[in-house]
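Printed here is input_37.txt (compact mmCIF, C-alpha atoms (C1' of nucleotides)):
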# COMPACT_ATOMS: atom_id res chain seq x y z
CA MET A 1458 -6.20 21.60 103.47
CA VAL A 1459 -5.69 25.29 102.86
CA ARG A 1460 -1.99 25.95 102.98
CA SER A 1461 -1.59 29.63 103.74
CA GLY A 1462 1.51 31.56 102.82
CA ARG A 1463 2.81 32.16 106.31
CA LEU A 1464 1.61 30.46 109.47
CA THR A 1465 1.05 32.70 112.47
CA PRO A 1466 -0.53 31.97 115.86
CA GLU A 1467 -3.55 34.03 114.77
CA VAL A 1468 -4.07 31.96 111.63
CA ILE A 1469 -3.80 28.74 113.63
CA VAL A 1470 -6.20 29.95 116.33
CA ASP A 1471 -8.71 31.12 113.76
CA ALA A 1472 -8.59 27.85 111.85
CA ALA A 1473 -8.94 25.85 115.07
CA LEU A 1474 -11.92 27.91 116.20
CA ARG A 1475 -13.71 27.41 112.88
CA LEU A 1476 -12.89 23.72 112.84
CA GLY A 1477 -14.33 23.35 116.33
CA ASP A 1478 -17.50 25.23 115.36
CA ARG A 1479 -17.87 22.97 112.36
CA GLU A 1480 -16.97 19.56 113.76
CA GLY A 1481 -17.14 19.85 117.54
CA ALA A 1482 -14.72 19.72 120.43
CA GLU A 1483 -13.39 16.27 119.62
CA ALA A 1484 -12.12 17.60 116.29
CA MET A 1485 -9.78 20.00 118.07
CA SER A 1486 -6.82 17.70 118.49
CA MET A 1487 -3.36 18.82 117.45
CA ARG A 1488 -3.32 16.28 114.66
CA ARG A 1489 -6.71 17.21 113.25
CA ILE A 1490 -6.11 20.94 113.52
CA ALA A 1491 -2.85 20.49 111.64
CA ALA A 1492 -4.53 18.33 109.01
CA ASP A 1493 -7.22 20.97 108.58
CA ILE A 1494 -4.65 23.71 108.09
CA GLY A 1495 -2.56 21.46 105.89
CA CYS A 1496 0.62 21.46 107.93
CA ASP A 1497 2.59 18.95 109.92
CA PRO A 1498 1.34 18.49 113.51
CA MET A 1499 4.77 19.50 114.75
CA THR A 1500 4.49 22.88 113.12
CA LEU A 1501 1.88 23.84 115.72
CA TYR A 1502 4.43 23.30 118.46
CA ARG A 1503 6.58 26.03 117.00
CA HIS A 1504 3.81 28.49 117.87
CA PHE A 1505 2.35 26.99 121.03
CA ALA A 1506 4.02 25.20 123.93
CA ASN A 1507 1.41 22.43 123.83
CA GLY A 1508 -2.14 21.60 122.95
CA GLU A 1509 -3.60 23.20 126.05
CA ALA A 1510 -1.91 26.52 125.28
CA LEU A 1511 -3.42 26.47 121.81
CA LEU A 1512 -6.89 25.77 123.17
CA ASP A 1513 -6.49 28.56 125.73
CA ALA A 1514 -5.78 30.96 122.87
CA VAL A 1515 -8.81 29.67 120.95
CA ALA A 1516 -10.98 30.10 124.05
CA ASP A 1517 -9.90 33.69 124.40
CA ALA A 1518 -10.52 34.34 120.72
CA ALA A 1519 -14.09 33.09 121.14
CA LEU A 1520 -14.67 35.98 123.56
CA ALA A 1521 -13.62 38.62 121.04
CA ASP A 1522 -17.18 39.82 120.48
CA ALA A 1523 -18.31 39.72 124.12
CA ARG A 1524 -18.92 43.31 125.15
CA ASP A 1525 -18.73 45.23 128.38
CA PRO A 1526 -21.35 48.02 128.55
CA GLY A 1527 -18.80 50.06 130.50
CA PRO A 1528 -18.79 52.43 133.47
CA GLY A 1529 -21.96 54.27 132.46
CA THR A 1530 -24.09 51.27 133.45
CA PRO A 1531 -25.15 50.64 137.09
CA TRP A 1532 -22.95 47.97 138.67
CA ALA A 1533 -25.48 45.14 138.98
CA GLU A 1534 -26.71 45.57 135.45
CA ARG A 1535 -23.15 45.76 134.17
CA LEU A 1536 -22.22 42.49 135.90
CA ARG A 1537 -25.32 40.82 134.54
CA ALA A 1538 -24.51 42.09 131.05
CA VAL A 1539 -20.86 40.98 131.08
CA MET A 1540 -21.67 37.53 132.41
CA THR A 1541 -24.48 37.09 129.89
CA GLU A 1542 -22.25 38.27 127.04
CA ILE A 1543 -19.50 35.84 127.98
CA ARG A 1544 -21.94 32.95 128.16
CA ALA A 1545 -23.53 33.88 124.83
CA ALA A 1546 -20.17 34.28 123.09
CA ALA A 1547 -19.04 30.91 124.41
CA LEU A 1548 -22.22 29.22 123.21
CA ARG A 1549 -21.71 30.69 119.76
CA HIS A 1550 -18.58 28.53 119.56
CA PRO A 1551 -19.69 25.08 120.67
CA GLY A 1552 -16.35 23.49 119.85
CA ILE A 1553 -14.44 25.46 122.46
CA SER A 1554 -17.19 26.23 125.00
CA ALA A 1555 -16.44 23.21 127.19
CA HIS A 1556 -12.78 24.21 127.36
CA LEU A 1557 -13.78 27.77 128.15
CA ALA A 1558 -16.01 26.54 130.96
CA ALA A 1559 -13.31 24.30 132.38
CA ARG A 1560 -10.72 27.03 132.45
CA PRO A 1561 -11.56 30.72 132.57
CA PRO A 1562 -9.61 32.41 129.82
CA LEU A 1563 -6.54 34.37 130.64
CA GLY A 1564 -5.93 36.14 127.35
CA ASP A 1565 -6.64 39.71 126.40
CA ASN A 1566 -10.40 39.30 126.17
CA GLY A 1567 -10.61 37.51 129.49
CA ARG A 1568 -8.62 40.30 131.07
CA ARG A 1569 -10.76 42.97 129.49
CA LEU A 1570 -14.03 41.43 130.69
CA GLY A 1571 -12.54 40.54 134.07
CA SER A 1572 -11.53 44.08 134.79
CA GLY A 1573 -15.01 45.26 133.83
CA MET A 1574 -16.37 42.94 136.50
CA THR A 1575 -13.83 44.18 139.02
CA ALA A 1576 -14.77 47.78 138.29
CA ALA A 1577 -18.47 47.02 138.74
CA LEU A 1578 -17.86 45.28 142.08
CA THR A 1579 -15.78 48.19 143.28
CA GLU A 1580 -18.57 50.55 142.31
CA ALA A 1581 -20.96 48.36 144.30
CA GLY A 1582 -19.02 49.37 147.37
CA LEU A 1583 -17.22 46.15 148.29
CA PRO A 1584 -13.82 46.44 149.96
CA PRO A 1585 -10.92 45.37 147.67
CA ALA A 1586 -10.46 41.93 149.22
CA ASP A 1587 -14.16 41.17 148.77
CA VAL A 1588 -14.04 42.44 145.19
CA VAL A 1589 -11.59 39.65 144.45
CA ARG A 1590 -13.60 37.05 146.33
CA ALA A 1591 -16.88 38.07 144.71
CA SER A 1592 -15.29 38.20 141.30
CA GLN A 1593 -14.00 34.67 141.62
CA ALA A 1594 -17.35 33.45 142.88
CA LEU A 1595 -19.02 34.97 139.82
CA VAL A 1596 -16.45 33.44 137.48
CA ALA A 1597 -16.87 30.07 139.18
CA TYR A 1598 -20.63 30.21 138.81
CA LEU A 1599 -20.38 31.32 135.19
CA ALA A 1600 -18.01 28.49 134.34
CA ALA A 1601 -20.17 25.81 135.93
CA ALA A 1602 -23.43 27.16 134.55
CA LEU A 1603 -21.83 27.23 131.10
CA ALA A 1604 -20.61 23.67 131.50
CA MET A 1605 -24.16 22.64 132.38
CA THR A 1606 -25.54 24.33 129.28
CA VAL A 1607 -22.93 22.72 127.05
CA ARG A 1608 -23.74 19.28 128.38
CA ALA A 1609 -27.48 19.88 128.22
CA GLY A 1610 -27.02 20.97 124.60
CA ARG A 1611 -25.35 17.67 123.85
CA ARG A 1612 -28.46 16.10 125.34
CA ASP A 1613 -26.31 14.25 127.80
CA GLU A 1614 -28.83 11.99 129.48
CA ARG A 1615 -26.95 12.13 132.70
CA TRP A 1616 -27.72 15.80 133.13
CA ALA A 1617 -31.37 15.05 132.74
CA GLN A 1618 -30.89 12.72 135.69
CA VAL A 1619 -29.75 15.65 137.81
CA ASN A 1620 -33.47 16.07 138.19
CA HIS A 1621 -33.53 12.78 139.97
CA VAL A 1622 -30.90 13.98 142.41
CA VAL A 1623 -32.69 17.26 142.97
CA GLY A 1624 -35.99 15.50 143.32
CA GLY A 1625 -39.48 16.63 142.36
CA PRO A 1626 -41.60 16.11 139.26
CA PRO A 1627 -39.25 15.04 136.43
CA GLY A 1628 -40.83 16.59 133.36
CA ASP A 1629 -41.06 19.89 135.16
CA HIS A 1630 -37.40 20.85 135.29
CA LEU A 1631 -35.97 18.86 132.44
CA PHE A 1632 -35.83 22.11 130.52
CA VAL A 1633 -34.34 23.97 133.46
CA VAL A 1634 -30.88 22.37 133.45
CA GLY A 1635 -28.57 24.70 131.61
CA SER A 1636 -31.36 26.98 130.43
CA ASP A 1637 -31.01 30.75 130.14
CA GLU A 1638 -33.58 31.10 132.88
CA GLN A 1639 -31.66 28.80 135.22
CA PHE A 1640 -28.48 30.76 134.57
CA GLU A 1641 -30.20 34.04 135.34
CA TYR A 1642 -31.75 32.77 138.55
CA GLY A 1643 -28.37 31.79 140.02
CA LEU A 1644 -26.90 35.05 138.83
CA ARG A 1645 -29.68 36.90 140.62
CA LEU A 1646 -28.92 35.02 143.82
CA LEU A 1647 -25.30 36.09 143.61
CA LEU A 1648 -26.13 39.71 142.83
CA ASN A 1649 -28.63 39.76 145.70
CA GLY A 1650 -25.91 38.37 147.94
CA ILE A 1651 -23.43 41.00 146.81
CA ARG A 1652 -25.96 43.73 147.50
CA VAL A 1653 -26.44 42.41 151.03
CA GLU A 1654 -22.66 42.41 151.58
CA ALA A 1655 -22.34 45.93 150.24
CA LEU A 1656 -25.16 47.25 152.41
CA ALA A 1657 -23.66 45.62 155.49
CA ARG A 1658 -20.68 48.00 155.23
CA MET B 160 -1.62 -7.16 140.58
CA VAL B 161 -3.98 -8.55 143.20
CA ARG B 162 -6.22 -11.02 141.47
CA SER B 163 -9.29 -11.33 143.68
CA GLY B 164 -11.51 -14.38 143.60
CA ARG B 165 -14.53 -12.78 142.02
CA LEU B 166 -14.69 -9.40 140.32
CA THR B 167 -17.65 -7.20 141.17
CA PRO B 168 -18.40 -3.56 140.33
CA GLU B 169 -17.72 -2.67 143.97
CA VAL B 170 -14.29 -4.27 143.92
CA ILE B 171 -13.42 -2.47 140.69
CA VAL B 172 -14.66 0.90 141.97
CA ASP B 173 -12.78 0.50 145.22
CA ALA B 174 -9.56 -0.44 143.45
CA ALA B 175 -9.91 2.47 141.02
CA LEU B 176 -10.55 4.95 143.84
CA ARG B 177 -7.45 3.80 145.73
CA LEU B 178 -5.37 3.83 142.56
CA GLY B 179 -6.45 7.40 141.86
CA ASP B 180 -5.66 8.48 145.41
CA ARG B 181 -2.23 6.91 145.08
CA GLU B 182 -1.20 7.91 141.58
CA GLY B 183 -3.51 10.72 140.51
CA ALA B 184 -6.22 11.26 137.93
CA GLU B 185 -4.08 10.32 134.94
CA ALA B 186 -3.64 6.83 136.40
CA MET B 187 -7.37 6.19 136.15
CA SER B 188 -7.47 4.87 132.61
CA MET B 189 -9.24 1.64 131.80
CA ARG B 190 -5.94 0.01 130.94
CA ARG B 191 -4.17 1.08 134.10
CA ILE B 192 -7.08 0.24 136.39
CA ALA B 193 -7.22 -3.21 134.83
CA ALA B 194 -3.46 -3.64 135.21
CA ASP B 195 -3.72 -2.60 138.85
CA ILE B 196 -6.46 -5.13 139.54
CA GLY B 197 -4.66 -7.75 137.49
CA CYS B 198 -7.33 -8.38 134.90
CA ASP B 199 -7.73 -7.83 131.20
CA PRO B 200 -8.94 -4.31 130.27
CA MET B 201 -11.93 -5.85 128.55
CA THR B 202 -13.11 -7.42 131.79
CA LEU B 203 -14.04 -3.93 133.05
CA TYR B 204 -16.47 -3.54 130.17
CA ARG B 205 -18.44 -6.50 131.44
CA HIS B 206 -19.28 -4.44 134.53
CA PHE B 207 -19.43 -0.90 133.13
CA ALA B 208 -20.71 0.39 129.80
CA ASN B 209 -17.58 2.51 129.33
CA GLY B 210 -14.86 4.39 131.11
CA GLU B 211 -17.04 7.34 131.98
CA ALA B 212 -19.60 5.10 133.70
CA LEU B 213 -16.83 3.59 135.80
CA LEU B 214 -15.53 7.03 136.81
CA ASP B 215 -19.06 8.16 137.68
CA ALA B 216 -19.33 5.21 140.05
CA VAL B 217 -15.93 6.04 141.56
CA ALA B 218 -16.98 9.69 142.02
CA ASP B 219 -20.10 8.64 143.88
CA ALA B 220 -18.10 6.26 146.06
CA ALA B 221 -15.84 9.15 147.05
CA LEU B 222 -18.89 10.83 148.61
CA ALA B 223 -19.69 7.87 150.85
CA ASP B 224 -18.49 9.62 153.98
CA ALA B 225 -19.97 13.06 153.24
CA ARG B 226 -22.66 13.64 155.84
CA ASP B 227 -25.91 15.55 155.95
CA PRO B 228 -26.61 16.98 159.42
CA GLY B 229 -30.29 16.36 158.75
CA PRO B 230 -33.60 18.12 159.37
CA GLY B 231 -32.72 19.21 162.91
CA THR B 232 -30.30 21.82 161.59
CA PRO B 233 -31.49 25.29 160.42
CA TRP B 234 -31.68 25.41 156.63
CA ALA B 235 -28.77 27.77 155.91
CA GLU B 236 -26.43 25.94 158.24
CA ARG B 237 -27.51 22.63 156.77
CA LEU B 238 -26.78 23.80 153.23
CA ARG B 239 -23.42 25.13 154.30
CA ALA B 240 -22.63 21.84 156.03
CA VAL B 241 -23.63 19.62 153.11
CA MET B 242 -21.71 21.71 150.57
CA THR B 243 -18.64 21.80 152.79
CA GLU B 244 -18.83 18.05 153.39
CA ILE B 245 -19.06 17.29 149.68
CA ARG B 246 -16.09 19.51 148.93
CA ALA B 247 -14.02 17.99 151.74
CA ALA B 248 -14.88 14.43 150.73
CA ALA B 249 -13.93 15.20 147.13
CA LEU B 250 -10.61 16.70 148.18
CA ARG B 251 -9.84 13.60 150.23
CA HIS B 252 -9.78 11.72 146.91
CA PRO B 253 -7.61 13.85 144.63
CA GLY B 254 -7.62 11.28 141.83
CA ILE B 255 -11.35 11.59 141.23
CA SER B 256 -12.03 15.14 142.43
CA ALA B 257 -11.65 16.72 139.00
CA HIS B 258 -14.13 14.25 137.54
CA LEU B 259 -16.49 14.92 140.44
CA ALA B 260 -16.26 18.65 139.79
CA ALA B 261 -16.88 18.23 136.07
CA ARG B 262 -19.95 16.12 136.55
CA PRO B 263 -22.05 16.15 139.71
CA PRO B 264 -22.51 12.56 140.80
CA LEU B 265 -25.75 10.82 140.17
CA GLY B 266 -25.31 7.73 142.28
CA ASP B 267 -26.81 6.94 145.66
CA ASN B 268 -24.62 9.34 147.60
CA GLY B 269 -25.24 12.20 145.20
CA ARG B 270 -28.96 11.59 145.49
CA ARG B 271 -28.81 11.42 149.27
CA LEU B 272 -26.93 14.72 149.59
CA GLY B 273 -28.99 16.35 146.87
CA SER B 274 -32.25 15.61 148.61
CA GLY B 275 -30.82 17.04 151.82
CA MET B 276 -30.18 20.28 149.95
CA THR B 277 -33.66 20.23 148.46
CA ALA B 278 -35.19 19.73 151.90
CA ALA B 279 -33.21 22.64 153.32
CA LEU B 280 -34.26 24.96 150.48
CA THR B 281 -37.88 23.98 150.96
CA GLU B 282 -37.55 24.73 154.66
CA ALA B 283 -36.12 28.13 153.72
CA GLY B 284 -39.49 28.93 152.21
CA LEU B 285 -38.74 28.91 148.49
CA PRO B 286 -41.51 27.82 146.13
CA PRO B 287 -40.85 24.40 144.51
CA ALA B 288 -39.68 25.79 141.16
CA ASP B 289 -37.16 28.04 142.92
CA VAL B 290 -35.98 25.15 145.07
CA VAL B 291 -34.86 23.42 141.90
CA ARG B 292 -33.27 26.57 140.47
CA ALA B 293 -31.45 27.41 143.69
CA SER B 294 -30.31 23.83 144.12
CA GLN B 295 -28.77 23.79 140.67
CA ALA B 296 -27.10 27.13 141.26
CA LEU B 297 -25.55 25.75 144.45
CA VAL B 298 -24.40 22.59 142.70
CA ALA B 299 -22.93 24.65 139.87
CA TYR B 300 -21.04 26.85 142.27
CA LEU B 301 -19.79 23.87 144.26
CA ALA B 302 -18.54 22.14 141.14
CA ALA B 303 -16.66 25.16 139.85
CA ALA B 304 -15.20 26.10 143.23
CA LEU B 305 -14.03 22.52 143.62
CA ALA B 306 -12.47 22.57 140.17
CA MET B 307 -10.62 25.74 141.15
CA THR B 308 -9.30 24.11 144.30
CA VAL B 309 -8.18 21.02 142.44
CA ARG B 310 -6.30 23.10 139.89
CA ALA B 311 -4.83 25.35 142.56
CA GLY B 312 -3.72 22.23 144.41
CA ARG B 313 -1.88 21.10 141.32
CA ARG B 314 -0.25 24.52 141.45
CA ASP B 315 -1.44 25.19 137.95
CA GLU B 316 0.29 28.46 137.17
CA ARG B 317 -2.57 29.55 135.02
CA TRP B 318 -4.88 29.78 137.99
CA ALA B 319 -2.45 32.05 139.71
CA GLN B 320 -2.81 34.24 136.67
CA VAL B 321 -6.54 34.56 137.31
CA ASN B 322 -5.31 37.25 139.67
CA HIS B 323 -4.09 39.09 136.66
CA VAL B 324 -7.54 38.95 135.09
CA VAL B 325 -9.19 40.04 138.30
CA GLY B 326 -6.64 42.78 138.78
CA GLY B 327 -5.25 44.23 141.97
CA PRO B 328 -2.10 43.52 143.97
CA PRO B 329 -0.83 40.10 142.89
CA GLY B 330 0.68 38.66 146.06
CA ASP B 331 -2.47 39.55 147.92
CA HIS B 332 -4.89 37.04 146.49
CA LEU B 333 -2.59 34.36 145.21
CA PHE B 334 -3.69 32.30 148.18
CA VAL B 335 -7.33 33.11 147.61
CA VAL B 336 -7.91 31.04 144.47
CA GLY B 337 -9.46 27.77 145.49
CA SER B 338 -8.98 28.38 149.20
CA ASP B 339 -11.48 27.33 151.85
CA GLU B 340 -12.08 30.98 152.60
CA GLN B 341 -12.81 31.80 148.95
CA PHE B 342 -15.24 28.88 148.78
CA GLU B 343 -17.05 30.06 151.88
CA TYR B 344 -17.33 33.63 150.67
CA GLY B 345 -19.13 32.61 147.47
CA LEU B 346 -21.30 30.24 149.44
CA ARG B 347 -22.26 33.09 151.74
CA LEU B 348 -23.22 35.24 148.76
CA LEU B 349 -25.52 32.50 147.51
CA LEU B 350 -27.08 31.89 150.92
CA ASN B 351 -27.59 35.65 151.35
CA GLY B 352 -29.25 35.70 147.96
CA ILE B 353 -31.52 32.80 148.85
CA ARG B 354 -32.53 34.53 152.07
CA VAL B 355 -33.48 37.63 150.08
CA GLU B 356 -35.57 35.52 147.71
CA ALA B 357 -37.29 33.74 150.59
CA LEU B 358 -38.11 36.99 152.39
CA ALA B 359 -39.50 38.51 149.19
CA ARG B 360 -42.35 35.94 149.32
C1' DA C 828 -22.22 -18.85 125.63
C1' DC C 829 -18.65 -16.69 127.66
C1' DC C 830 -14.31 -14.72 127.80
C1' DT C 831 -9.99 -12.68 126.05
C1' DG C 832 -6.44 -10.45 123.76
C1' DA C 833 -5.12 -8.87 119.26
C1' DA C 834 -6.24 -5.15 116.45
C1' DC C 835 -8.18 -0.60 115.09
C1' DA C 836 -8.21 4.06 115.12
C1' DC C 837 -6.80 7.31 117.37
C1' DC C 838 -3.99 10.64 120.90
C1' DG C 839 0.20 14.29 122.47
C1' DT C 840 4.81 14.84 122.22
C1' DT C 841 9.92 13.57 121.59
C1' DC C 842 13.75 13.29 118.92
C1' DA C 843 16.73 11.96 115.39
C1' DA C 844 17.49 12.50 110.88
C1' DG C 845 17.30 15.30 107.03
C1' DT C 846 17.74 19.97 104.47
C1' DA D 1274 19.92 26.43 112.29
C1' DC D 1275 15.62 25.16 111.08
C1' DC D 1276 12.21 22.02 109.95
C1' DT D 1277 9.85 17.53 109.57
C1' DG D 1278 8.07 13.12 109.95
C1' DA D 1279 8.98 8.74 111.97
C1' DA D 1280 8.67 6.81 116.37
C1' DC D 1281 7.30 6.33 121.28
C1' DA D 1282 4.20 5.62 124.70
C1' DC D 1283 0.07 5.78 125.43
C1' DC D 1284 -5.50 5.91 124.93
C1' DG D 1285 -10.83 3.67 124.58
C1' DT D 1286 -13.19 0.30 122.39
C1' DT D 1287 -14.35 -3.33 118.74
C1' DC D 1288 -14.41 -7.77 117.28
C1' DA D 1289 -12.84 -12.08 115.84
C1' DA D 1290 -10.93 -15.94 117.45
C1' DG D 1291 -10.50 -19.12 120.97
C1' DT D 1292 -12.39 -22.02 125.00

Show me this structure written as structure tokens.
Amino acid sequence: MVRSGRLTPEVIVDAALRLGDREGAEAMSMRRIAADIGCDPMTLYRHFANGEALLDAVADAALADARDPGPGTPWAERLRAVMTEIRAAALRHPGISAHLAARPPLGDNGRRLGSGMTAALTEAGLPPADVVRASQALVAYLAAALAMTVRAGRRDERWAQVNHVVGGPPGDHLFVVGSDEQFEYGLRLLLNGIRVEALAR
Amino acid sequence: MVRSGRLTPEVIVDAALRLGDREGAEAMSMRRIAADIGCDPMTLYRHFANGEALLDAVADAALADARDPGPGTPWAERLRAVMTEIRAAALRHPGISAHLAARPPLGDNGRRLGSGMTAALTEAGLPPADVVRASQALVAYLAAALAMTVRAGRRDERWAQVNHVVGGPPGDHLFVVGSDEQFEYGLRLLLNGIRVEALAR
DNA sequence: ACCTGAACACCGTTCAAGT
DNA sequence: ACCTGAACACCGTTCAAGT
């Protein structure tokens, strides 16, 4: 109910991000965001084409403090770092993390981190076409692994049942779904695979 | 508006799947499914706890004709086949494919295909704990790659912009996002990575 | 006891009426 | 011209009233 002097996209995005952190993803409707800011729901449409565009902007804002170690770092370590940073930043903002997982962000921060990944893959020695393919594979894996973590965090019972699909002793891998360790294992598989591709050249 | 003699979960799931194929994901609301069948919306709740449970059942039904080549096939080829079959089956049912991508199915078909993957990974020589980790990494990748394809199929302009994030010549990889070829490249990376893990034992 | 549909508490977005 | 809020066309689900 804080009515600020002048409403800008930045103010709206910031308020929405905080609201989501506080009250969860289901609080991030156009009506509730507007109510939180203290404006008419329609006012939001003067700054964003629709609700999805607003959430895309919020998702990108959540990545503001995800860092790229930069060109000084060896390519595999840099990729690992960027992916881990993105996942951690997303999990720091539980309200928007599911949206972020469902739709890789296309704002300034997404671009910044994406080009860090591209640079690392180029340094690995992949040809340009494979840099694109590998990059998308990494983004795909990151998105899905993040979605798993978000759902596991909500203690969605269904994800526990993934164990049943996978098979094996149930108590054993209950903690695995969406865990940091699970994320890192899949990431290692991908980095191993990229190394094999690069060496095959 | 076909009022069948007796309503069973199977009849509901089948009607919902066909409705989704015909009119898309947004047609698969409880109200519209009920209207299509010709029953009261509330009748659906006598067979399913809620809308999500119904969609989970529909998602599993969409996998009915995805096949596992079975133990005769070498492990890497078997994994490739099962993953490709799941993706193809999902894409044959565009109404439910997004739901399928967002939440790996936990019904009979999901279990059947999942245990095929587990068997293949065991045959590859991974220790049991890694079989689970690798399996979840594969499922995560499949889900996200499928989500990409679904969005690309809807010609979501935002996905075209992923190119912008990735960088490089734009026209070049417009076709790559969500393509069969892109899917197979990431899958190859993962299988390469699994091979490396297995050999390291 | 079982079934049903009216009602509740929401959505995103359009659009006409106000300033 | 700009802004706003009433209205439209939906949701999922509850629950009280009917059979």

Using all atoms listed in the file, find each residue of chain B with at least one atom at most 9 Å away from an atom of chain C; report its shortest atom-to-atom pair and that distance in Å (one decimal), sort the rows by chain and rising residue number, and return the result as JSON lines.
{"residue": "B:Asp199", "atom": "CA", "partner": "C:DT831", "partner_atom": "C1'", "distance": 7.4}
{"residue": "B:Met201", "atom": "CA", "partner": "C:DT831", "partner_atom": "C1'", "distance": 7.5}
{"residue": "B:Thr202", "atom": "CA", "partner": "C:DT831", "partner_atom": "C1'", "distance": 8.4}

Do me a favour and pick out the residues of chain B within 6 Å of chain A, using all atoms listed in the file, as a PyMOL selection string.
chain B and resi 270+273-274+292+296+299-300+303-304+324-325+341+345+348-349+351-352

Find the distance between atom CA of Gly1481 of chain A and atom CA of Asn209 of chain B and write it in Å to one decimal.
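The value is 21.0 Å.
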
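Distance-wise, atom CA of Glu182 of chain B and atom CA of Ala218 of chain B end up 15.9 Å apart.
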
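As for atom CA of Ala184 of chain B and atom CA of Leu214 of chain B, they are spaced 10.3 Å apart.
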
Counting all atoms listed in the file, I want the residues whose atoms come within 12 Å of (-31.9, 27.8, 160.7) in the file frame, returned as a PDB file with C-alpha atoms, keeping the file's coordinate frame.
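As a result, result-v1.pdb now contains:
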ATOM      1  CA  GLY B 229     -30.290  16.360 158.750  1.00  0.00           C
ATOM      2  CA  PRO B 230     -33.600  18.120 159.370  1.00  0.00           C
ATOM      3  CA  GLY B 231     -32.720  19.210 162.910  1.00  0.00           C
ATOM      4  CA  THR B 232     -30.300  21.820 161.590  1.00  0.00           C
ATOM      5  CA  PRO B 233     -31.490  25.290 160.420  1.00  0.00           C
ATOM      6  CA  TRP B 234     -31.680  25.410 156.630  1.00  0.00           C
ATOM      7  CA  ALA B 235     -28.770  27.770 155.910  1.00  0.00           C
ATOM      8  CA  GLU B 236     -26.430  25.940 158.240  1.00  0.00           C
ATOM      9  CA  ARG B 237     -27.510  22.630 156.770  1.00  0.00           C
ATOM     10  CA  LEU B 238     -26.780  23.800 153.230  1.00  0.00           C
ATOM     11  CA  ARG B 239     -23.420  25.130 154.300  1.00  0.00           C
ATOM     12  CA  ALA B 240     -22.630  21.840 156.030  1.00  0.00           C
ATOM     13  CA  ALA B 279     -33.210  22.640 153.320  1.00  0.00           C
ATOM     14  CA  LEU B 280     -34.260  24.960 150.480  1.00  0.00           C
ATOM     15  CA  GLU B 282     -37.550  24.730 154.660  1.00  0.00           C
ATOM     16  CA  ALA B 283     -36.120  28.130 153.720  1.00  0.00           C
ATOM     17  CA  GLY B 284     -39.490  28.930 152.210  1.00  0.00           C
ATOM     18  CA  LEU B 350     -27.080  31.890 150.920  1.00  0.00           C
ATOM     19  CA  ARG B 354     -32.530  34.530 152.070  1.00  0.00           C
TER      20      ARG B 354
END

Could you give me, as a VMD selection string, the residues within 12 Å of segment 188-196 of chain B, counting all atoms listed in the file and dropping anything in the same chain fewer than 6 positions from it?
(chain B and resid 160 to 167 170 to 179 181 to 182 202 to 204 207 to 214 217 254 to 255) or (chain D and resid 1283 to 1286)

For segment 173-184 of chain B, supply N, CA and C atoms and report the output as an mmCIF file, in the frame of the given file.
data_model
loop_
_atom_site.group_PDB
_atom_site.id
_atom_site.type_symbol
_atom_site.label_atom_id
_atom_site.label_comp_id
_atom_site.auth_asym_id
_atom_site.auth_seq_id
_atom_site.Cartn_x
_atom_site.Cartn_y
_atom_site.Cartn_z
ATOM 1 N N ASP B 173 -13.652 0.295 144.068
ATOM 2 C CA ASP B 173 -12.780 0.500 145.220
ATOM 3 C C ASP B 173 -11.310 0.523 144.793
ATOM 4 N N ALA B 174 -10.946 -0.388 143.928
ATOM 5 C CA ALA B 174 -9.560 -0.440 143.450
ATOM 6 C C ALA B 174 -9.211 0.816 142.664
ATOM 7 N N ALA B 175 -10.150 1.271 141.837
ATOM 8 C CA ALA B 175 -9.910 2.470 141.020
ATOM 9 C C ALA B 175 -9.765 3.704 141.894
ATOM 10 N N LEU B 176 -10.616 3.804 142.931
ATOM 11 C CA LEU B 176 -10.550 4.950 143.840
ATOM 12 C C LEU B 176 -9.191 5.013 144.540
ATOM 13 N N ARG B 177 -8.741 3.858 145.033
ATOM 14 C CA ARG B 177 -7.450 3.800 145.730
ATOM 15 C C ARG B 177 -6.308 4.105 144.754
ATOM 16 N N LEU B 178 -6.407 3.570 143.567
ATOM 17 C CA LEU B 178 -5.370 3.830 142.560
ATOM 18 C C LEU B 178 -5.273 5.319 142.266
ATOM 19 N N GLY B 179 -6.429 5.957 142.123
ATOM 20 C CA GLY B 179 -6.450 7.400 141.860
ATOM 21 C C GLY B 179 -5.860 8.191 143.023
ATOM 22 N N ASP B 180 -6.205 7.798 144.239
ATOM 23 C CA ASP B 180 -5.660 8.480 145.410
ATOM 24 C C ASP B 180 -4.134 8.377 145.419
ATOM 25 N N ARG B 181 -3.665 7.212 145.008
ATOM 26 C CA ARG B 181 -2.230 6.910 145.080
ATOM 27 C C ARG B 181 -1.450 7.566 143.963
ATOM 28 N N GLU B 182 -1.996 7.508 142.738
ATOM 29 C CA GLU B 182 -1.200 7.910 141.580
ATOM 30 C C GLU B 182 -1.825 9.030 140.746
ATOM 31 N N GLY B 183 -2.938 9.562 141.198
ATOM 32 C CA GLY B 183 -3.510 10.720 140.510
ATOM 33 C C GLY B 183 -4.484 10.369 139.394
ATOM 34 N N ALA B 184 -5.136 11.421 138.899
ATOM 35 C CA ALA B 184 -6.220 11.260 137.930
ATOM 36 C C ALA B 184 -5.750 10.570 136.642
#
